[in-house]
Amino acid sequence: MPIGRFARACRLSVKALRHYDDEQLLHPAHVDERTGYRYYTREQVHAAVTIGMLRGLGFGIPIIRRFLSGGTAERTAILRAEAERIEREMAQRRFALDAIARFDSTGTLAPYDVTIRRMDSLQVAERCVVTSAEALIVDTTALIYSLFDELRAAGRDVLSPVFCMNDDTSSDEHIVVHACVRVDAPAPGLPLARIVDVSGGEFAVVTHVGPYEQLGLAYHALYAWAQEHGHELRGLIREIYVNDPANVPPAALQTDLLLPL
């Protein structure tokens, strides 16, 4: 079938089919060398419809390429991962709707009370990873759990506080995550983590209850409070994880954000 007829059979546009060809998703069965016209077979309708359906569900081109080339197990894993992605996006949308409704009724988007807390200096085991905003939560979670494993392998318990400091001040959009867990003296010998001292002092604190994906509003509230009260940022904000996502649902996660004053 010529491309126009094939497009109608699949309920796709000619432009979409050309794009799928360019993206290595669905090549024509034959291309006329003289005219450049593309031709497809009836056997390709199923693949074309599948691509169109996945695109309609919001799947990205790289994910669709993996889906088409994968076996049953990989396709199942892809579908489950995409379902989880959509659930996270829906939760973020619900949070946005709640924030808008709150602003409409109270005049504020972020219902965070700022308190002042004094913290002593700490000796911590620290590991770092360079990541991006998109992969921040996944990479941070993996980093913290790997630090837990390293401490336990050295015969040490996991002590509170468990926290991260995220340095995103570089111009290349990379984020350096410093994952830290308190360790008591004597300092253990660890193969990957290093033992460092983290300074104490006074901190402005807000507590966020809910998924990590929604921490952005808490950060904004903290920065706004600091500017309103004439405080300049003198160090990285600490994200202290009060509970473990392995033990509580996302809605019950508690994170304290500490801004050094």
# chains A, B, ... in the order shown; residues from 1 in each chain; ligands from 1
call {"tool": "residues_around", "arguments": {"residues": "stretch 60-64 of chain A", "least_positions_apart": "2", "cutoff": "8 Å", "atoms": "only C-alpha atoms", "output": "list in words"}}
result
Glu23, Leu25, Ile51, Leu54, Arg55, Gly58, Arg66, Phe67, Leu68 and Ile78 of chain A
call {"tool": "residues_around", "arguments": {"residues": "A:Asp172", "least_positions_apart": "5", "cutoff": "12 Å", "atoms": "only C-alpha atoms", "output": "mmCIF file with C-alpha atoms, in the first residue's frame"}}
result
data_model
loop_
_atom_site.group_PDB
_atom_site.id
_atom_site.type_symbol
_atom_site.label_atom_id
_atom_site.label_comp_id
_atom_site.auth_asym_id
_atom_site.auth_seq_id
_atom_site.Cartn_x
_atom_site.Cartn_y
_atom_site.Cartn_z
ATOM 1 C CA VAL A 130 26.185 13.148 40.069
ATOM 2 C CA THR A 131 22.666 13.092 38.647
ATOM 3 C CA SER A 132 20.011 15.181 36.926
ATOM 4 C CA ALA A 133 16.695 16.658 38.025
ATOM 5 C CA ASP A 167 24.433 20.906 45.126
#
call {"tool": "closest_residue", "arguments": {"among": "A:Ala96, A:Leu253, A:Ala226, A:Ile175", "to": "A:Cys128", "atoms": "only C-alpha atoms"}}
result
A:Ile175
call {"tool": "residues_around", "arguments": {"residues": "stretch 112-115 of chain A", "least_positions_apart": "5", "cutoff": "8 Å", "atoms": "only C-alpha atoms", "output": "ChimeraX atom specification"}}
result
/A:204-208,218,221-222,225
call {"tool": "write_last_selection", "arguments": {"atoms": "C-alpha atoms", "output": "tab-separated table (two decimals), in the first residue's frame"}}
result
chain	number	residue	atom	x	y	z
A	204	ALA	CA	15.49	27.52	59.43
A	205	VAL	CA	13.32	24.41	59.19
A	206	VAL	CA	10.17	23.40	57.33
A	207	THR	CA	8.57	19.97	57.49
A	208	HIS	CA	7.08	18.45	54.36
A	218	ALA	CA	8.74	23.37	50.60
A	221	ALA	CA	8.65	28.41	51.07
A	222	LEU	CA	12.02	28.15	52.79
A	225	TRP	CA	11.18	33.04	54.25
call {"tool": "residues_around", "arguments": {"residues": "A:Leu236", "least_positions_apart": "3", "cutoff": "12 Å", "atoms": "only C-alpha atoms", "output": "ChimeraX atom specification"}}
result
/A:163-169,176-178,198-199,203,219,223,232-233,239,257-261
call {"tool": "select_by_dssp", "arguments": {"residues": "stretch 52-179 of chain A", "states": "helix (DSSP H, G or I)", "output": "VMD selection string"}}
result
chain A and resid 52 to 56 61 to 69 72 to 106 136 to 153
call {"tool": "closest_residue", "arguments": {"among": "A:Arg127, A:His27, A:Arg34, A:His46", "to": "A:Cys10", "atoms": "only C-alpha atoms"}}
result
A:His46
